[in-house]
file entry_3.txt (compact mmCIF, C-alpha atoms)
# COMPACT_ATOMS: atom_id res chain seq x y z
CA MET H 1 13.50 7.15 -29.60
CA GLN H 2 13.63 3.52 -28.47
CA PRO H 3 10.09 2.27 -27.75
CA VAL H 4 9.10 1.33 -24.21
CA GLY H 5 7.52 -2.06 -23.55
CA ILE H 6 4.01 -1.70 -22.12
CA GLY H 7 1.74 -4.26 -20.45
CA ILE H 8 -1.91 -3.63 -19.59
CA ILE H 9 -3.77 -5.09 -16.61
CA GLY H 10 -7.52 -4.58 -16.90
CA CYS H 11 -9.39 -5.07 -20.17
CA GLY H 12 -12.74 -3.41 -19.47
CA ASN H 13 -14.51 -0.56 -21.28
CA ILE H 14 -11.71 2.03 -21.03
CA SER H 15 -9.01 -0.31 -22.36
CA ALA H 16 -10.25 0.05 -25.93
CA ALA H 17 -9.79 3.84 -25.82
CA TYR H 18 -6.21 3.43 -24.56
CA LEU H 19 -5.36 0.79 -27.14
CA LYS H 20 -6.74 2.86 -30.02
CA ALA H 21 -4.95 6.01 -28.88
CA ALA H 22 -1.66 4.18 -28.26
CA LYS H 23 -1.33 3.69 -32.01
CA SER H 24 -0.54 7.43 -32.26
CA PHE H 25 2.60 7.05 -30.15
CA PRO H 26 5.47 4.94 -31.50
CA VAL H 27 7.21 5.22 -28.12
CA LEU H 28 4.56 2.82 -26.76
CA ASP H 29 5.15 -0.84 -27.58
CA ILE H 30 2.08 -2.67 -26.21
CA ARG H 31 3.36 -6.20 -25.63
CA ALA H 32 0.71 -8.00 -23.55
CA LEU H 33 -2.78 -7.76 -22.03
CA ALA H 34 -4.05 -9.34 -18.82
CA ASP H 35 -7.23 -9.38 -16.78
CA ARG H 36 -8.51 -11.35 -13.79
CA ASP H 37 -11.16 -12.49 -16.28
CA PRO H 38 -9.14 -14.25 -19.00
CA ALA H 39 -12.10 -13.99 -21.39
CA ALA H 40 -11.99 -10.17 -21.19
CA ALA H 41 -8.30 -10.17 -22.02
CA GLY H 42 -8.93 -12.62 -24.83
CA ARG H 43 -11.55 -10.40 -26.43
CA ARG H 44 -9.24 -7.38 -26.41
CA ALA H 45 -6.36 -9.52 -27.66
CA GLU H 46 -8.41 -10.65 -30.63
CA GLU H 47 -9.62 -7.10 -31.33
CA PHE H 48 -6.17 -5.47 -31.27
CA GLY H 49 -3.84 -8.34 -32.16
CA ILE H 50 -1.92 -8.23 -28.86
CA PRO H 51 -1.15 -11.38 -26.83
CA ALA H 52 -3.30 -12.13 -23.77
CA VAL H 53 -1.36 -13.57 -20.83
CA SER H 54 -1.86 -14.12 -17.11
CA VAL H 55 -1.22 -11.25 -14.70
CA ALA H 56 1.72 -13.16 -13.22
CA ASP H 57 3.30 -13.72 -16.64
CA LEU H 58 2.82 -10.08 -17.60
CA LEU H 59 4.53 -8.88 -14.41
CA ALA H 60 7.39 -11.31 -14.96
CA ASP H 61 8.06 -10.28 -18.57
CA PRO H 62 11.45 -8.52 -18.69
CA ALA H 63 10.50 -6.75 -21.95
CA ILE H 64 7.73 -4.83 -20.17
CA GLU H 65 8.92 -1.62 -18.48
CA ILE H 66 5.62 0.11 -17.70
CA VAL H 67 2.37 -1.55 -16.67
CA LEU H 68 -0.84 0.36 -17.37
CA ASN H 69 -3.35 -0.31 -14.58
CA LEU H 70 -6.91 -0.17 -15.94
CA THR H 71 -8.61 -2.11 -13.16
CA ILE H 72 -11.59 -0.74 -11.20
CA PRO H 73 -10.80 2.18 -8.85
CA GLY H 74 -11.01 0.02 -5.72
CA ALA H 75 -8.18 -2.17 -7.05
CA HIS H 76 -5.88 0.61 -8.23
CA VAL H 77 -3.66 0.68 -5.14
CA GLU H 78 -3.21 -3.05 -4.63
CA VAL H 79 -2.59 -3.74 -8.32
CA GLY H 80 -0.29 -0.73 -8.47
CA LEU H 81 1.75 -2.06 -5.55
CA ASP H 82 2.04 -5.44 -7.28
CA ILE H 83 3.34 -3.67 -10.39
CA LEU H 84 5.94 -1.68 -8.46
CA ARG H 85 7.04 -4.70 -6.43
CA ALA H 86 7.61 -6.53 -9.71
CA GLY H 87 10.12 -3.82 -10.61
CA LYS H 88 7.92 -2.13 -13.24
CA HIS H 89 6.94 1.52 -13.59
CA ALA H 90 3.20 1.98 -12.99
CA TYR H 91 0.65 4.18 -14.73
CA SER H 92 -2.92 4.13 -13.40
CA GLU H 93 -6.31 5.09 -14.73
CA LYS H 94 -7.93 7.74 -12.53
CA PRO H 95 -8.31 8.12 -9.63
CA LEU H 96 -4.94 7.05 -8.20
CA GLY H 97 -6.91 5.37 -5.41
CA ILE H 98 -10.17 5.73 -3.52
CA ASP H 99 -8.49 6.63 -0.23
CA PHE H 100 -5.76 9.24 0.16
CA ALA H 101 -3.85 7.44 2.92
CA ASP H 102 -3.95 4.18 0.98
CA ALA H 103 -2.85 5.81 -2.28
CA THR H 104 0.07 7.44 -0.45
CA ARG H 105 1.52 3.93 -0.22
CA LEU H 106 1.87 3.91 -4.01
CA VAL H 107 3.85 7.15 -4.08
CA GLU H 108 6.08 5.97 -1.25
CA GLU H 109 6.65 2.54 -2.82
CA ALA H 110 7.60 4.07 -6.17
CA ARG H 111 9.97 6.51 -4.51
CA LYS H 112 11.58 3.76 -2.41
CA ARG H 113 12.19 1.59 -5.48
CA GLY H 114 13.30 4.40 -7.78
CA LEU H 115 10.40 3.72 -10.16
CA ARG H 116 8.00 6.01 -12.01
CA LEU H 117 4.37 6.40 -10.97
CA GLY H 118 1.90 8.11 -13.29
CA SER H 119 -1.85 8.49 -13.45
CA ALA H 120 -4.69 9.73 -15.58
CA PRO H 121 -6.22 12.07 -16.36
CA ASP H 122 -3.94 13.27 -19.13
CA THR H 123 -6.53 15.42 -20.91
CA PHE H 124 -4.87 18.55 -19.47
CA LEU H 125 -2.06 17.79 -21.93
CA GLY H 126 -4.47 18.16 -24.85
CA GLY H 127 -3.95 21.02 -27.27
CA ALA H 128 -6.88 23.12 -26.07
CA HIS H 129 -5.88 22.91 -22.40
CA GLN H 130 -2.24 23.61 -23.21
CA ALA H 131 -3.37 26.67 -25.19
CA ALA H 132 -5.32 27.83 -22.13
CA ARG H 133 -2.28 27.19 -19.91
CA GLU H 134 -0.02 29.23 -22.20
CA PHE H 135 -2.58 32.05 -22.28
CA VAL H 136 -2.71 32.18 -18.47
CA ASP H 137 1.07 31.97 -18.14
CA GLN H 138 1.48 34.91 -20.53
CA GLY H 139 -0.39 37.08 -17.99
CA ASN H 140 -3.39 37.81 -20.21
CA LEU H 141 -5.83 37.38 -17.30
CA GLY H 142 -3.87 39.66 -15.00
CA GLN H 143 -3.88 38.32 -11.45
CA PRO H 144 -5.93 35.09 -11.34
CA VAL H 145 -8.92 35.60 -9.08
CA GLY H 146 -10.94 32.40 -9.34
CA GLY H 147 -12.90 30.01 -11.47
CA THR H 148 -15.82 27.63 -11.77
CA ALA H 149 -16.00 23.92 -12.64
CA PHE H 150 -19.23 22.06 -13.40
CA PHE H 151 -20.09 18.48 -14.26
CA MET H 152 -23.76 17.70 -13.68
CA CYS H 153 -25.91 14.93 -15.16
CA PRO H 154 -28.85 12.70 -14.13
CA GLY H 155 -26.57 9.71 -13.43
CA HIS H 156 -24.61 6.97 -15.18
CA GLU H 157 -27.30 4.33 -14.69
CA ARG H 158 -28.88 5.74 -17.87
CA TRP H 159 -26.14 4.43 -20.18
CA HIS H 160 -23.46 2.35 -18.45
CA PRO H 161 -23.86 -1.44 -18.77
CA ASN H 162 -22.65 -1.99 -15.19
CA PRO H 163 -23.23 1.24 -13.25
CA ASP H 164 -23.31 -0.18 -9.71
CA PHE H 165 -19.76 0.85 -8.77
CA TYR H 166 -20.52 4.52 -9.44
CA TYR H 167 -22.72 4.52 -6.34
CA GLN H 168 -20.53 2.39 -4.06
CA ARG H 169 -17.56 3.42 -1.92
CA GLY H 170 -14.95 4.76 -4.31
CA GLY H 171 -17.60 6.01 -6.70
CA GLY H 172 -19.75 9.12 -6.83
CA PRO H 173 -19.44 12.13 -9.12
CA MET H 174 -16.43 13.66 -7.39
CA LEU H 175 -14.12 10.64 -7.60
CA ASP H 176 -15.46 9.76 -11.06
CA MET H 177 -15.33 13.15 -12.79
CA GLY H 178 -13.53 15.39 -10.32
CA PRO H 179 -10.04 14.26 -11.42
CA TYR H 180 -10.50 15.83 -14.87
CA TYR H 181 -11.62 19.20 -13.53
CA ILE H 182 -9.31 19.51 -10.53
CA THR H 183 -6.26 18.35 -12.49
CA ASP H 184 -6.94 21.00 -15.12
CA LEU H 185 -7.47 23.64 -12.44
CA VAL H 186 -4.10 22.74 -10.92
CA ASN H 187 -2.58 22.88 -14.42
CA LEU H 188 -3.96 26.41 -14.83
CA LEU H 189 -3.82 27.84 -11.30
CA GLY H 190 -1.32 25.69 -9.39
CA PRO H 191 -1.87 23.46 -6.34
CA VAL H 192 -4.74 23.74 -3.88
CA ALA H 193 -4.15 24.94 -0.32
CA ARG H 194 -7.53 24.60 1.42
CA VAL H 195 -11.06 23.40 0.68
CA ALA H 196 -14.62 23.62 1.95
CA GLY H 197 -17.57 21.54 0.85
CA MET H 198 -21.14 20.32 1.07
CA ALA H 199 -22.30 16.94 -0.22
CA PRO H 200 -25.96 15.83 -0.03
CA GLN H 201 -27.22 12.39 -1.03
CA PRO H 202 -30.76 13.05 -2.31
CA ARG H 203 -31.66 9.42 -3.05
CA ALA H 204 -30.96 6.17 -1.21
CA THR H 205 -31.48 4.02 -4.32
CA ARG H 206 -31.22 4.36 -8.11
CA THR H 207 -33.01 2.38 -10.83
CA ILE H 208 -30.95 1.23 -13.80
CA THR H 209 -32.44 2.17 -17.17
CA SER H 210 -29.60 0.82 -19.36
CA GLU H 211 -29.16 -2.71 -20.66
CA PRO H 212 -28.48 -5.43 -19.63
CA LYS H 213 -29.54 -4.58 -16.04
CA LYS H 214 -32.57 -2.44 -16.85
CA GLY H 215 -34.99 -2.30 -13.93
CA GLN H 216 -32.51 -3.39 -11.26
CA THR H 217 -32.06 -1.18 -8.17
CA ILE H 218 -28.75 0.16 -6.87
CA ASP H 219 -28.16 1.10 -3.24
CA VAL H 220 -26.45 4.50 -3.04
CA GLU H 221 -23.52 4.55 -0.59
CA VAL H 222 -21.93 7.90 -1.49
CA PRO H 223 -22.95 11.56 -1.89
CA THR H 224 -24.17 12.19 -5.43
CA HIS H 225 -24.24 16.01 -5.45
CA VAL H 226 -20.92 17.47 -4.28
CA VAL H 227 -20.14 21.19 -4.08
CA GLY H 228 -16.69 22.41 -3.11
CA MET H 229 -14.71 25.61 -2.74
CA LEU H 230 -11.00 25.38 -3.57
CA GLU H 231 -8.50 27.97 -2.38
CA PHE H 232 -5.23 27.80 -4.33
CA HIS H 233 -1.77 28.73 -3.09
CA SER H 234 -1.82 31.39 -5.81
CA GLY H 235 -4.69 33.11 -3.96
CA ALA H 236 -7.38 32.22 -6.50
CA VAL H 237 -10.62 30.63 -5.29
CA ALA H 238 -12.72 28.32 -7.47
CA SER H 239 -16.06 26.62 -6.97
CA ILE H 240 -16.69 23.07 -8.19
CA THR H 241 -19.94 21.11 -8.53
CA MET H 242 -19.97 17.42 -9.44
CA SER H 243 -23.42 15.82 -9.57
CA PHE H 244 -25.37 12.74 -10.64
CA ASP H 245 -28.65 14.46 -9.65
CA VAL H 246 -29.14 17.27 -12.18
CA ALA H 247 -31.54 16.84 -15.11
CA ALA H 248 -29.90 19.59 -17.20
CA HIS H 249 -27.98 22.85 -16.86
CA LYS H 250 -26.37 25.64 -18.93
CA HIS H 251 -23.09 26.11 -17.05
CA LEU H 252 -19.86 25.81 -19.00
CA PRO H 253 -17.42 23.12 -17.82
CA LEU H 254 -14.55 25.45 -16.85
CA GLU H 255 -14.07 29.19 -16.55
CA ILE H 256 -11.04 31.04 -15.16
CA TYR H 257 -11.29 34.65 -13.97
CA GLY H 258 -8.59 37.28 -13.57
CA THR H 259 -8.34 40.97 -12.84
CA GLU H 260 -8.02 41.73 -16.59
CA GLY H 261 -10.43 39.26 -18.15
CA SER H 262 -12.15 35.88 -18.22
CA LEU H 263 -11.22 32.63 -19.96
CA ILE H 264 -13.52 29.82 -21.11
CA VAL H 265 -11.75 26.45 -21.04
CA PRO H 266 -13.32 23.45 -22.82
CA ASP H 267 -14.52 20.22 -21.23
CA PRO H 268 -11.52 18.74 -19.35
CA ASN H 269 -12.73 15.23 -20.19
CA HIS H 270 -11.64 15.96 -23.78
CA PHE H 271 -8.35 17.01 -25.35
CA GLY H 272 -9.71 19.69 -27.68
CA GLY H 273 -12.45 22.29 -27.86
CA GLU H 274 -12.84 26.06 -28.06
CA VAL H 275 -10.89 28.41 -25.81
CA LYS H 276 -12.37 31.91 -25.53
CA PHE H 277 -11.20 35.10 -23.82
CA LEU H 278 -12.98 38.28 -22.86
CA LYS H 279 -10.73 41.22 -22.02
CA LYS H 280 -12.24 43.54 -19.43
CA GLY H 281 -14.53 45.93 -21.28
CA GLY H 282 -14.37 43.91 -24.51
CA GLU H 283 -16.08 41.00 -26.26
CA TRP H 284 -15.48 37.27 -26.34
CA THR H 285 -12.76 36.28 -28.84
CA ASP H 286 -11.25 32.93 -29.82
CA VAL H 287 -7.87 31.92 -28.43
CA PRO H 288 -6.03 30.05 -31.21
CA VAL H 289 -5.46 26.37 -30.47
CA THR H 290 -2.26 25.45 -32.32
CA ARG H 291 -0.84 22.91 -29.89
CA PRO H 292 -0.92 19.23 -30.87
CA TYR H 293 -3.38 16.65 -29.50
CA ALA H 294 -6.52 18.77 -29.84
CA ASP H 295 -8.13 16.85 -32.69
CA GLY H 296 -9.05 13.50 -31.19
CA ASN H 297 -9.12 11.16 -28.19
CA TYR H 298 -5.46 10.74 -27.17
CA ARG H 299 -6.15 8.79 -23.98
CA SER H 300 -2.61 7.42 -23.88
CA LEU H 301 -0.85 10.78 -24.05
CA GLY H 302 0.16 10.84 -20.37
CA LEU H 303 1.48 7.29 -20.65
CA ALA H 304 3.43 8.24 -23.79
CA ASP H 305 4.86 11.29 -22.02
CA MET H 306 5.97 9.07 -19.13
CA ALA H 307 7.57 6.59 -21.54
CA ALA H 308 9.38 9.42 -23.35
CA ALA H 309 10.44 10.89 -19.99
CA ILE H 310 12.11 7.59 -19.09
CA ARG H 311 14.11 7.69 -22.31
CA GLN H 312 14.88 11.42 -21.96
CA ASP H 313 15.62 11.25 -18.20
CA ARG H 314 13.24 14.04 -17.26
CA PRO H 315 10.11 14.34 -15.07
CA HIS H 316 6.83 13.18 -16.57
CA ARG H 317 3.75 15.39 -16.34
CA ALA H 318 0.82 13.16 -15.34
CA SER H 319 2.70 12.21 -12.20
CA GLY H 320 1.81 10.24 -9.11
CA ASP H 321 2.44 13.34 -6.99
CA LEU H 322 -0.09 15.33 -9.03
CA ALA H 323 -2.67 12.53 -8.88
CA LEU H 324 -2.19 12.11 -5.13
CA HIS H 325 -2.74 15.85 -4.63
CA VAL H 326 -5.95 15.74 -6.67
CA LEU H 327 -7.15 12.73 -4.65
CA GLU H 328 -6.43 14.54 -1.39
CA VAL H 329 -8.41 17.56 -2.60
CA MET H 330 -11.41 15.42 -3.61
CA GLU H 331 -11.39 13.49 -0.34
CA ALA H 332 -11.00 16.71 1.65
CA VAL H 333 -14.13 18.21 0.07
CA GLY H 334 -16.08 15.26 1.45
CA LYS H 335 -14.42 15.57 4.86
CA ALA H 336 -15.18 19.29 4.90
CA ALA H 337 -18.82 18.54 4.17
CA GLU H 338 -19.00 16.00 6.99
CA SER H 339 -17.19 18.16 9.55
CA ARG H 340 -18.65 21.51 8.42
CA ARG H 341 -15.21 23.11 8.46
CA THR H 342 -12.43 23.92 6.02
CA ILE H 343 -9.66 21.38 5.44
CA ASP H 344 -6.01 22.24 4.77
CA ILE H 345 -4.32 20.27 1.98
CA THR H 346 -1.00 18.69 2.95
CA THR H 347 0.41 17.88 -0.50
CA ARG H 348 1.84 20.54 -2.78
CA PRO H 349 3.10 19.20 -6.11
CA GLU H 350 4.87 21.27 -8.72
CA ARG H 351 2.66 22.50 -11.53
CA PRO H 352 3.24 20.13 -14.47
CA GLN H 353 5.48 21.65 -17.12
CA PRO H 354 3.75 22.81 -20.32
CA LEU H 355 3.91 20.12 -22.95
CA ALA H 356 5.73 22.32 -25.48
CA GLU H 357 8.71 22.85 -23.17
CA SER H 358 10.09 19.32 -23.56
CA ALA H 359 12.42 18.80 -26.52
CA GLY H 360 11.51 15.79 -28.58
CA LEU H 361 7.90 15.48 -27.42
CA ASP H 362 6.21 17.65 -30.01
CA ARG H 363 4.11 15.08 -31.83
CA LEU H 364 5.35 11.74 -30.56
CA ALA H 365 3.72 10.20 -33.63
call {"tool": "encode", "arguments": {"input": "entry_3.txt", "output": "structure tokens"}}
result
Amino acid sequence: MQPVGIGIIGCGNISAAYLKAAKSFPVLDIRALADRDPAAAGRRAEEFGIPAVSVADLLADPAIEIVLNLTIPGAHVEVGLDILRAGKHAYSEKPLGIDFADATRLVEEARKRGLRLGSAPDTFLGGAHQAAREFVDQGNLGQPVGGTAFFMCPGHERWHPNPDFYYQRGGGPMLDMGPYYITDLVNLLGPVARVAGMAPQPRATRTITSEPKKGQTIDVEVPTHVVGMLEFHSGAVASITMSFDVAAHKHLPLEIYGTEGSLIVPDPNHFGGEVKFLKKGGEWTDVPVTRPYADGNYRSLGLADMAAAIRQDRPHRASGDLALHVLEVMEAVGKAAESRRTIDITTRPERPQPLAESAGLDRLA
């Protein structure tokens, strides 16, 4: 397969994970790095041996077909539009945007120009989550009834070197971690039809305990404990809790329930992990994980699938439509909390195809 030229805009913390994982996928030819801070691009360039250029030069490079957008969430839409207007396919780190109406512009622009739009998370393509998807599709759970999704911690100011943005508009636990959980739920149960929610903000300020800003205070602008109920078009109903206000808990990240049994799905922020099933009246047993991409951090898998899809002329899985749907669901939980009513979801993407169904994509490496 002919490699696809890739450029990266945004050389912060997450860029290293993408650059390391990209080495597993020969279809990805990383040609240039750029950042509004040239020093940040320079550091990554030196670390990975990839040229650092200006954003304008990267967008003008005819050898670059896809631009990976790793800027901060608040810049995802504007940078994404610049990428599309330069005639490049765009792939964004999650979330697609911080505002559903604004992010809709990306989907519309890509469609108008006949370009691809993709977005993280791509962890649902990992071997463990694909094993869970296959298990559900085989009917082992019977009729899906519901599920639970939990991410709860004391807050990112404990470890992140620059945690301020997690508590500003566009931050919060739902927009930060919700994409992993909701995307995997859509992968397993299909699109969401309606939501309800509650979202308290227990503290007005947070104190940073990580370096180099230890002792500084952050003003909290967003809810930091978000609880939602998601009703799927399939009829299943799942609860989701995303929190930066919980000291500790013993909930599992994801569980899916059906009329014939229950399924434990591993952390959707990772590609691998244990999948377990309990058949009604039985005991917990392991579901074999034989699919690829379960043994490491493949945080370029969705990008690689999009690159391969361009060469194979087929839909890619971590699509802009899927990411826009997930963003609408997350935003609607907040709106439901504010209005104290349920919110209907207007988008309805196709469930992404299982990874194993595409010829030529089994182990891109």
call {"tool": "residues_near_point", "arguments": {"input": "entry_3.txt", "point": "(-17.2, 0.5, -6.3)", "cutoff": "12 Å", "atoms": "all atoms listed in the file", "output": "compact mmCIF listing (two decimals) with C-alpha atoms, in the coordinates of the input"}}
result
# COMPACT_ATOMS: atom_id res chain seq x y z
CA THR H 71 -8.61 -2.11 -13.16
CA ILE H 72 -11.59 -0.74 -11.20
CA PRO H 73 -10.80 2.18 -8.85
CA GLY H 74 -11.01 0.02 -5.72
CA ALA H 75 -8.18 -2.17 -7.05
CA HIS H 76 -5.88 0.61 -8.23
CA GLY H 97 -6.91 5.37 -5.41
CA ILE H 98 -10.17 5.73 -3.52
CA ASN H 162 -22.65 -1.99 -15.19
CA PRO H 163 -23.23 1.24 -13.25
CA ASP H 164 -23.31 -0.18 -9.71
CA PHE H 165 -19.76 0.85 -8.77
CA TYR H 166 -20.52 4.52 -9.44
CA TYR H 167 -22.72 4.52 -6.34
CA GLN H 168 -20.53 2.39 -4.06
CA ARG H 169 -17.56 3.42 -1.92
CA GLY H 170 -14.95 4.76 -4.31
CA GLY H 171 -17.60 6.01 -6.70
CA GLY H 172 -19.75 9.12 -6.83
CA LEU H 175 -14.12 10.64 -7.60
CA ASP H 176 -15.46 9.76 -11.06
CA ILE H 218 -28.75 0.16 -6.87
CA ASP H 219 -28.16 1.10 -3.24
CA VAL H 220 -26.45 4.50 -3.04
CA GLU H 221 -23.52 4.55 -0.59
CA VAL H 222 -21.93 7.90 -1.49
call {"tool": "closest_residue", "arguments": {"input": "entry_3.txt", "among": "H:Met330, H:Gly235, H:Arg203, H:Phe150", "to": "Lys250 of chain H", "atoms": "all atoms listed in the file"}}
result
H:Phe150
call {"tool": "atom_distance", "arguments": {"input": "entry_3.txt", "atom1": "atom CA of Ala337 of chain H", "atom2": "atom CA of Leu263 of chain H"}}
result
29.0 Å
call {"tool": "residues_around", "arguments": {"input": "entry_3.txt", "residues": "Asp37 of chain H", "least_positions_apart": "4", "cutoff": "10 Å", "atoms": "all atoms listed in the file", "output": "PyMOL selection string"}}
result
chain H and resi 10-12+41-42+54
call {"tool": "residues_around", "arguments": {"input": "entry_3.txt", "residues": "Asp344 of chain H", "least_positions_apart": "5", "cutoff": "9 Å", "atoms": "all atoms listed in the file", "output": "MDAnalysis selection string"}}
result
chainID H and resid 192:195 332
call {"tool": "closest_residue", "arguments": {"input": "entry_3.txt", "among": "H:Pro144, H:Gly197, H:Pro191, H:Gly126", "to": "Ala294 of chain H", "atoms": "all atoms listed in the file"}}
result
H:Gly126
call {"tool": "decode", "arguments": {"input": "entry_3.txt", "residues": "segment 117-132 of chain H", "atoms": "N, CA, C and O atoms", "output": "mmCIF file, in the first residue's frame"}}
result
data_model
loop_
_atom_site.group_PDB
_atom_site.id
_atom_site.type_symbol
_atom_site.label_atom_id
_atom_site.label_comp_id
_atom_site.auth_asym_id
_atom_site.auth_seq_id
_atom_site.Cartn_x
_atom_site.Cartn_y
_atom_site.Cartn_z
ATOM 1 N N LEU H 117 -12.756 13.630 7.053
ATOM 2 C CA LEU H 117 -12.634 14.177 8.397
ATOM 3 C C LEU H 117 -12.667 13.011 9.370
ATOM 4 O O LEU H 117 -13.583 12.184 9.336
ATOM 5 N N GLY H 118 -11.651 12.914 10.214
ATOM 6 C CA GLY H 118 -11.595 11.876 11.230
ATOM 7 C C GLY H 118 -11.285 12.473 12.580
ATOM 8 O O GLY H 118 -10.883 13.630 12.688
ATOM 9 N N SER H 119 -11.466 11.674 13.618
ATOM 10 C CA SER H 119 -11.221 12.179 14.964
ATOM 11 C C SER H 119 -11.008 11.039 15.940
ATOM 12 O O SER H 119 -11.633 9.981 15.831
ATOM 13 N N ALA H 120 -10.107 11.286 16.886
ATOM 14 C CA ALA H 120 -9.994 10.416 18.053
ATOM 15 C C ALA H 120 -11.277 10.536 18.872
ATOM 16 O O ALA H 120 -12.028 11.505 18.709
ATOM 17 N N PRO H 121 -11.541 9.562 19.748
ATOM 18 C CA PRO H 121 -10.662 8.454 20.089
ATOM 19 C C PRO H 121 -10.747 7.307 19.091
ATOM 20 O O PRO H 121 -11.771 7.097 18.452
ATOM 21 N N ASP H 122 -9.632 6.563 19.017
ATOM 22 C CA ASP H 122 -9.590 5.365 18.186
ATOM 23 C C ASP H 122 -9.382 4.103 19.020
ATOM 24 O O ASP H 122 -9.195 3.019 18.476
ATOM 25 N N THR H 123 -9.448 4.255 20.338
ATOM 26 C CA THR H 123 -9.233 3.100 21.223
ATOM 27 C C THR H 123 -10.285 2.020 21.023
ATOM 28 O O THR H 123 -10.026 0.847 21.310
ATOM 29 N N PHE H 124 -11.477 2.401 20.535
ATOM 30 C CA PHE H 124 -12.515 1.388 20.290
ATOM 31 C C PHE H 124 -12.107 0.409 19.195
ATOM 32 O O PHE H 124 -12.708 -0.653 19.051
ATOM 33 N N LEU H 125 -11.060 0.757 18.438
ATOM 34 C CA LEU H 125 -10.521 -0.147 17.424
ATOM 35 C C LEU H 125 -9.503 -1.120 18.001
ATOM 36 O O LEU H 125 -9.044 -2.025 17.294
ATOM 37 N N GLY H 126 -9.137 -0.943 19.264
ATOM 38 C CA GLY H 126 -8.190 -1.843 19.907
ATOM 39 C C GLY H 126 -8.729 -3.258 20.009
ATOM 40 O O GLY H 126 -9.946 -3.502 19.998
ATOM 41 N N GLY H 127 -7.811 -4.217 20.128
ATOM 42 C CA GLY H 127 -8.191 -5.624 20.092
ATOM 43 C C GLY H 127 -9.211 -6.027 21.129
ATOM 44 O O GLY H 127 -10.124 -6.824 20.841
ATOM 45 N N ALA H 128 -9.107 -5.501 22.343
ATOM 46 C CA ALA H 128 -10.051 -5.874 23.398
ATOM 47 C C ALA H 128 -11.452 -5.371 23.083
ATOM 48 O O ALA H 128 -12.452 -6.081 23.278
ATOM 49 N N HIS H 129 -11.555 -4.144 22.600
ATOM 50 C CA HIS H 129 -12.865 -3.560 22.317
ATOM 51 C C HIS H 129 -13.488 -4.163 21.056
ATOM 52 O O HIS H 129 -14.719 -4.295 20.968
ATOM 53 N N GLN H 130 -12.639 -4.564 20.109
ATOM 54 C CA GLN H 130 -13.159 -5.267 18.938
ATOM 55 C C GLN H 130 -13.621 -6.671 19.304
ATOM 56 O O GLN H 130 -14.597 -7.184 18.737
ATOM 57 N N ALA H 131 -12.953 -7.297 20.275
ATOM 58 C CA ALA H 131 -13.413 -8.606 20.762
ATOM 59 C C ALA H 131 -14.776 -8.469 21.435
ATOM 60 O O ALA H 131 -15.671 -9.306 21.249
ATOM 61 N N ALA H 132 -14.945 -7.397 22.233
ATOM 62 C CA ALA H 132 -16.237 -7.150 22.872
ATOM 63 C C ALA H 132 -17.315 -6.883 21.831
ATOM 64 O O ALA H 132 -18.447 -7.381 21.943
#
